[in-house]
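What's in model.cif: mmCIF, C-alpha atoms and all ligand atoms
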```
data_input
#
loop_
_atom_site.label_atom_id
_atom_site.label_comp_id
_atom_site.auth_asym_id
_atom_site.auth_seq_id
_atom_site.Cartn_x
_atom_site.Cartn_y
_atom_site.Cartn_z
CA MET A 974 0.21 -23.18 7.05
CA VAL A 975 3.36 -22.90 5.03
CA THR A 976 6.64 -21.02 5.03
CA THR A 977 7.64 -20.33 8.57
CA LYS A 978 8.63 -23.97 9.01
CA ASP A 979 9.39 -25.17 5.52
CA PRO A 980 12.41 -23.59 3.82
CA ALA A 981 11.64 -25.48 0.63
CA ALA A 982 8.15 -23.99 0.36
CA PRO A 983 7.53 -21.82 -2.69
CA ARG A 984 8.77 -18.32 -1.99
CA ALA A 985 5.88 -16.51 -3.48
CA ILE A 986 2.91 -16.61 -5.74
CA HIS A 987 3.75 -13.06 -6.60
CA ASP A 988 6.78 -11.85 -4.69
CA GLY A 989 7.04 -8.40 -6.17
CA GLY A 990 10.14 -9.49 -8.08
CA SER A 991 10.10 -7.05 -10.99
CA LEU A 992 9.34 -3.60 -9.74
CA LEU A 993 8.02 -0.82 -11.89
CA ASP A 994 9.96 2.41 -11.46
CA SER A 995 6.79 3.95 -10.09
CA GLU A 996 6.69 1.41 -7.26
CA ASN A 997 9.72 3.04 -5.65
CA ARG A 998 8.72 6.61 -6.43
CA GLY A 999 7.98 8.71 -3.37
CA PHE A 1000 9.95 6.55 -0.93
CA GLU A 1001 12.83 8.14 0.96
CA PRO A 1002 16.33 6.83 0.10
CA GLU A 1003 17.03 5.78 3.72
CA PHE A 1004 13.81 3.73 3.74
CA LEU A 1005 14.56 2.02 0.41
CA LYS A 1006 18.13 1.32 1.48
CA VAL A 1007 16.96 -0.59 4.57
CA VAL A 1008 14.15 -2.39 2.69
CA GLU A 1009 16.45 -3.52 -0.10
CA ARG A 1010 19.17 -4.66 2.30
CA LEU A 1011 16.65 -6.66 4.37
CA GLU A 1012 15.27 -8.28 1.20
CA ARG A 1013 18.79 -9.38 0.24
CA GLU A 1014 19.50 -10.63 3.77
CA ASP A 1015 16.21 -12.56 3.84
CA ILE A 1016 17.12 -14.34 0.59
CA ALA A 1017 20.55 -15.23 2.00
CA ASP A 1018 18.91 -16.46 5.21
CA ARG A 1019 16.52 -18.70 3.25
CA GLU A 1020 19.45 -20.17 1.36
CA LEU A 1021 21.27 -20.99 4.62
CA ARG A 1022 18.09 -22.63 5.96
CA ALA A 1023 17.49 -24.62 2.79
CA ARG A 1024 21.09 -25.88 2.89
CA GLY A 1025 20.62 -26.98 6.50
CA GLU A 1026 23.72 -24.97 7.45
CA GLU A 1027 25.29 -26.29 10.66
CA GLY A 1028 24.50 -24.08 13.63
CA TYR A 1029 21.65 -22.37 11.82
CA ASN A 1030 19.01 -21.35 14.35
CA PRO A 1031 15.56 -21.09 12.72
CA GLU A 1032 14.23 -19.18 15.73
CA GLU A 1033 16.52 -16.32 14.69
CA GLY A 1034 15.93 -16.47 10.97
CA TYR A 1035 14.40 -13.57 9.05
CA TRP A 1036 11.18 -15.25 7.84
CA ALA A 1037 10.31 -11.90 6.26
CA LEU A 1038 7.01 -11.52 4.47
CA ALA A 1039 7.20 -11.33 0.69
CA PRO A 1040 7.88 -7.89 -0.80
CA ALA A 1041 4.55 -7.95 -2.67
CA THR A 1042 2.69 -8.65 0.58
CA ALA A 1043 4.53 -5.78 2.27
CA ARG A 1044 3.46 -3.47 -0.51
CA LEU A 1045 -0.14 -4.68 -0.28
CA LEU A 1046 -0.16 -3.89 3.46
CA HIS A 1047 1.35 -0.47 2.72
CA VAL A 1048 -1.45 0.27 0.24
CA LEU A 1049 -4.19 -1.10 2.54
CA ILE A 1050 -3.02 1.04 5.45
CA GLN A 1051 -3.23 4.16 3.32
CA THR A 1052 -6.86 3.36 2.49
CA VAL A 1053 -7.89 2.35 6.03
CA VAL A 1054 -5.97 5.25 7.64
CA PRO A 1055 -5.70 3.50 11.00
CA SER A 1056 -4.76 5.42 14.14
CA ARG A 1057 -3.74 2.42 16.16
CA MET A 1058 -1.81 -0.38 14.45
CA LEU A 1059 -0.60 -3.65 15.92
CA GLU A 1060 1.97 -6.16 14.69
CA VAL A 1061 2.57 -9.60 16.22
CA GLY A 1062 5.96 -11.05 15.21
CA VAL A 1063 8.67 -8.54 14.30
CA SER A 1064 11.77 -10.65 13.59
CA HIS A 1065 14.45 -8.38 12.05
CA GLY A 1066 11.88 -5.71 11.31
CA TYR A 1067 11.25 -6.03 7.56
CA SER A 1068 7.46 -5.89 7.88
CA THR A 1069 7.78 -3.39 10.75
CA VAL A 1070 9.69 -0.96 8.55
CA TRP A 1071 6.86 -1.09 5.99
CA LEU A 1072 4.11 -0.71 8.59
CA ALA A 1073 5.92 2.13 10.36
CA HIS A 1074 6.44 3.91 7.05
CA ALA A 1075 2.71 3.63 6.30
CA ALA A 1076 1.98 4.87 9.83
CA ARG A 1077 4.06 7.96 9.19
CA LEU A 1078 2.17 8.65 5.95
CA THR A 1079 -1.24 8.32 7.62
CA GLY A 1080 -0.48 9.78 11.06
CA GLY A 1081 -0.94 6.44 12.85
CA HIS A 1082 1.17 4.66 15.41
CA LEU A 1083 2.37 1.06 15.55
CA THR A 1084 2.70 -1.23 18.56
CA ALA A 1085 4.91 -4.21 17.65
CA LEU A 1086 5.16 -7.39 19.74
CA GLU A 1087 8.16 -9.74 19.68
CA TYR A 1088 9.45 -12.24 22.23
CA ASN A 1089 13.00 -12.79 21.02
CA PRO A 1090 15.20 -10.00 22.45
CA ARG A 1091 18.03 -10.68 19.99
CA VAL A 1092 16.01 -10.20 16.82
CA LEU A 1093 14.11 -7.33 18.43
CA GLU A 1094 17.38 -5.46 19.01
CA ILE A 1095 18.26 -5.87 15.33
CA ALA A 1096 14.77 -4.65 14.37
CA ARG A 1097 15.21 -1.55 16.53
CA GLN A 1098 18.44 -0.75 14.69
CA ASN A 1099 16.78 -1.25 11.31
CA LEU A 1100 13.89 1.05 12.24
CA ALA A 1101 16.38 3.67 13.43
CA GLU A 1102 18.37 3.41 10.20
CA ALA A 1103 15.15 3.87 8.20
CA GLY A 1104 14.33 6.96 10.28
CA LEU A 1105 11.12 5.40 11.63
CA THR A 1106 11.77 4.99 15.37
CA ASP A 1107 9.11 7.54 16.37
CA GLN A 1108 6.32 5.58 14.68
CA VAL A 1109 6.78 2.37 16.74
CA ASP A 1110 6.53 1.16 20.32
CA PHE A 1111 8.14 -2.24 20.67
CA VAL A 1112 6.83 -4.58 23.37
CA LEU A 1113 9.17 -7.41 24.33
CA GLY A 1114 7.39 -10.53 25.54
CA ASP A 1115 5.24 -13.45 24.57
CA ALA A 1116 2.27 -12.10 22.61
CA ARG A 1117 0.04 -14.65 24.32
CA GLU A 1118 0.59 -12.49 27.41
CA THR A 1119 1.38 -9.03 26.06
CA LEU A 1120 -1.81 -9.00 23.95
CA THR A 1121 -3.71 -8.94 27.24
CA THR A 1122 -1.79 -5.91 28.56
CA ILE A 1123 -1.59 -3.50 25.62
CA GLY A 1124 -5.18 -2.31 25.97
CA ASP A 1125 -7.79 -0.74 23.75
CA GLU A 1126 -8.84 -1.49 20.23
CA TYR A 1127 -6.73 -1.48 17.08
CA ASP A 1128 -7.79 -0.26 13.65
CA PHE A 1129 -5.22 -2.36 11.78
CA MET A 1130 -3.51 -5.57 12.82
CA PHE A 1131 -0.85 -7.74 11.20
CA LEU A 1132 -0.34 -11.22 12.63
CA ASP A 1133 2.92 -12.93 11.66
CA CYS A 1134 4.19 -14.98 14.61
CA TRP A 1135 4.80 -18.74 14.48
CA ASP A 1136 1.85 -20.37 12.73
CA ARG A 1137 1.50 -23.07 15.36
CA LEU A 1138 0.58 -20.41 17.94
CA TYR A 1139 -2.30 -18.86 16.03
CA PRO A 1140 -4.98 -20.93 17.83
CA GLU A 1141 -3.71 -19.44 21.11
CA ILE A 1142 -3.15 -15.94 19.70
CA LEU A 1143 -6.56 -15.55 18.04
CA PRO A 1144 -8.71 -15.42 21.21
CA LYS A 1145 -6.53 -12.59 22.49
CA ALA A 1146 -6.10 -10.74 19.20
CA VAL A 1147 -9.61 -10.79 17.73
CA PRO A 1148 -11.23 -8.88 20.66
CA LEU A 1149 -8.67 -6.09 20.07
CA LEU A 1150 -9.91 -5.51 16.51
CA ARG A 1151 -12.13 -2.44 16.35
CA PRO A 1152 -15.43 -2.94 14.51
CA GLY A 1153 -14.71 -1.80 10.96
CA GLY A 1154 -10.99 -2.39 11.47
CA LEU A 1155 -8.76 -4.64 9.37
CA MET A 1156 -6.82 -7.66 10.54
CA THR A 1157 -4.28 -9.29 8.22
CA THR A 1158 -2.52 -12.61 8.77
CA ASP A 1159 0.42 -13.87 6.73
CA ASN A 1160 1.12 -17.46 5.60
CA VAL A 1161 -2.49 -18.57 5.39
CA ASP A 1162 -2.83 -21.10 2.60
CA VAL A 1163 -6.45 -22.12 2.04
CA ASP A 1164 -5.47 -25.68 1.05
CA GLU A 1165 -3.23 -26.40 4.02
CA PRO A 1166 -4.72 -28.21 7.07
CA GLY A 1167 -3.37 -25.76 9.69
CA SER A 1168 -4.72 -22.83 7.70
CA ILE A 1169 -8.10 -24.51 7.23
CA GLU A 1170 -8.32 -24.83 11.02
CA PHE A 1171 -7.14 -21.23 11.48
CA ARG A 1172 -9.85 -19.96 9.12
CA ARG A 1173 -12.47 -22.09 10.84
CA LEU A 1174 -11.52 -20.65 14.25
CA LEU A 1175 -11.44 -17.13 12.87
CA SER A 1176 -14.81 -17.27 11.16
CA ALA A 1177 -16.45 -18.59 14.33
CA TYR A 1178 -16.16 -15.14 15.96
CA ALA A 1179 -19.30 -13.06 15.80
CA GLY A 1180 -19.26 -10.36 13.14
CA ILE A 1181 -16.08 -11.58 11.48
CA GLU A 1182 -15.88 -11.49 7.68
CA THR A 1183 -12.72 -12.87 6.13
CA THR A 1184 -11.16 -13.70 2.78
CA ASN A 1185 -7.84 -14.96 1.49
CA VAL A 1186 -5.57 -13.35 -1.08
CA PRO A 1187 -3.03 -15.73 -2.67
CA ILE A 1188 0.00 -13.51 -2.42
CA GLY A 1189 3.45 -14.05 -0.98
CA THR A 1190 4.14 -17.29 0.81
CA GLY A 1191 0.90 -19.16 1.27
CA GLY A 1192 -1.46 -16.24 1.21
CA LEU A 1193 -2.65 -13.24 3.18
CA GLU A 1194 -5.85 -13.56 5.19
CA ILE A 1195 -7.74 -10.26 5.24
CA THR A 1196 -10.37 -9.94 7.92
CA THR A 1197 -12.77 -7.34 9.22
CA ARG A 1198 -15.13 -7.19 12.13
CA ARG A 1199 -18.48 -5.84 10.95
CA GLN A 1200 -19.84 -2.71 12.54
CA ASP A 1201 -22.96 -3.60 14.54
C1 LIG B 1 7.58 -15.02 10.65
S1 LIG B 1 8.64 -14.18 11.75
C2 LIG B 1 8.11 -12.51 11.58
C3 LIG B 1 8.58 -11.87 10.32
C4 LIG B 1 8.31 -10.40 10.24
N1 LIG B 1 6.90 -10.10 10.47
C5 LIG B 1 8.70 -9.88 8.88
O1 LIG B 1 7.90 -10.04 7.94
O2 LIG B 1 9.81 -9.37 8.74
C6 LIG B 1 7.91 -14.62 13.28
C7 LIG B 1 8.42 -13.83 14.47
O3 LIG B 1 7.44 -13.98 15.51
C8 LIG B 1 8.12 -14.10 16.73
N2 LIG B 1 7.19 -14.80 17.63
C9 LIG B 1 6.78 -16.08 17.51
N3 LIG B 1 5.92 -16.38 18.48
C10 LIG B 1 5.79 -15.26 19.24
C11 LIG B 1 5.05 -14.94 20.40
N4 LIG B 1 4.26 -15.84 21.00
N5 LIG B 1 5.13 -13.71 20.90
C12 LIG B 1 5.92 -12.77 20.32
N6 LIG B 1 6.65 -13.02 19.22
C13 LIG B 1 6.59 -14.23 18.68
C14 LIG B 1 9.38 -14.89 16.41
O4 LIG B 1 10.37 -14.71 17.40
C15 LIG B 1 9.74 -14.33 15.05
O5 LIG B 1 10.66 -13.27 15.18
#
```
Can the structure in the file be given as structure tokens, please?
Ligand SMILES: C[S@@+](CC[C@H](N)C(=O)[O-])C[C@H]1O[C@@H](n2cnc3c(N)ncnc32)[C@H](O)[C@@H]1O
Amino acid sequence: MVTTKDPAAPRAIHDGGSLLDSENRGFEPEFLKVVERLEREDIADRELRARGEEGYNPEEGYWALAPATARLLHVLIQTVVPSRMLEVGVSHGYSTVWLAHAARLTGGHLTALEYNPRVLEIARQNLAEAGLTDQVDFVLGDARETLTTIGDEYDFMFLDCWDRLYPEILPKAVPLLRPGGLMTTDNVDVDEPGSIEFRRLLSAYAGIETTNVPIGTGGLEITTRRQD
């Protein structure tokens, strides 16, 4: 899979670069202010990474999903109307702000898993600034463990932790997907060997139907578990 390791990877197939006025209509100013700041900070972070800046720690980079992918998730959530939403991999909270905003629109609630306490603290502040704290429960810890403790089924899931961990994350995440629910995974590029293996593992689960949308960095895998 691309992006989370390769700063030189193409930023986006469609990164939402030129927004129509209507794309920002109906969003609160405090939400847009945080989103736009995080988009600027993510670009600056990518530039530092690409330059190989001394002291740069990739584990604490932004690695934010592309704006167009965020908007796709925001639209999907409004059509699925999930009650229980799950995110794996928060970083500074760019995707979390979008998911939490969609949760507020649809009356859902988000559980967000992250194992780096430093980026999680920044994400908490960003959610607070966007006025979205009430929509999210953050769980600090390694998702390979916390996925086994958070219980129940989820109607919507967004996987965006380190790509190399997906083979370990999938066996714990897929059983949490409610039949008829939607699971989305970022940075899945159908031509890339790691992604090919990811898609092979995913499609081996009973009842799973999955497809790939070439958007953002690599692509977004969109998956459902069929109702029996
Ligand atoms: C690609 S970034 C997430 C970007 C974020 N979703 C966004 O779009 O703004 C990956 C994040 O997953 C976290 N992470 C990686 N492996 C993890 C694990 N096993 N458990 C919990 N968090 C993990 C990293 O610390 C990092 O913050």
Q. What is the distance, in Å and to one decimal place, between CA of Thr1122 in chain A and CA of Thr1084 in chain A?
A. 11.9 Å
Q: Pick out the residues no farther than 7 Å from ligand LIG 1 (chain B), counting all atoms listed in the file, and list them as a ChimeraX atom specification.
A: /A:977,1032-1033,1035-1038,1061-1069,1086-1089,1092,1114-1117,1133-1135,1138
Q | Residue contacts of Leu1193 in chain A (7 Å, all atoms listed in the file) excluding same-chain residues fewer than 5 positions away, as an MDAnalysis selection string | A | chainID A and resid 1157:1161 1185:1188
Q) With distances taken over only C-alpha atoms, which of A:Phe1131, A:Val1112, A:Asp1018, A:Gly1167 is nearest to Leu1049 in chain A? A) A:Phe1131
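Among the candidate residues A:Arg1057, A:Arg1137, A:Arg1044, A:Arg1077, the one lying nearest to Ser1168 in chain A is A:Arg1137, with distances computed using only C-alpha atoms.
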Padding of 4 Å on every side, edges along x, y and z, all listed atoms of range 1172-1176 of chain A included: what centre and edge lengths in Å, to one decimal, does that box have, as lines of an AutoDock Vina configuration file?
```
center_x = -12.3
center_y = -19.6
center_z = 11.7
size_x = 13.0
size_y = 13.0
size_z = 13.1
```
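Among A:Ala1023, A:Leu1120, A:Ala1103, A:Ala1041, the residue with the shortest atom-to-atom distance to Val1070 in chain A, counting all atoms listed in the file, is A:Ala1103.
The spacing separating CA of Arg1097 in chain A from CA of Ala1073 in chain A amounts to 11.7 Å.
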Q) Which value, in Å to one decimal, gives the distance between CA of Glu1170 in chain A and CA of Glu1141 in chain A? A) 12.3 Å
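Taking all atoms listed in the file into account, Leu1046 in chain A lies nearest to A:Met1156 out of the set A:Gly1104, A:Leu1150, A:Met1156, A:Pro1090.
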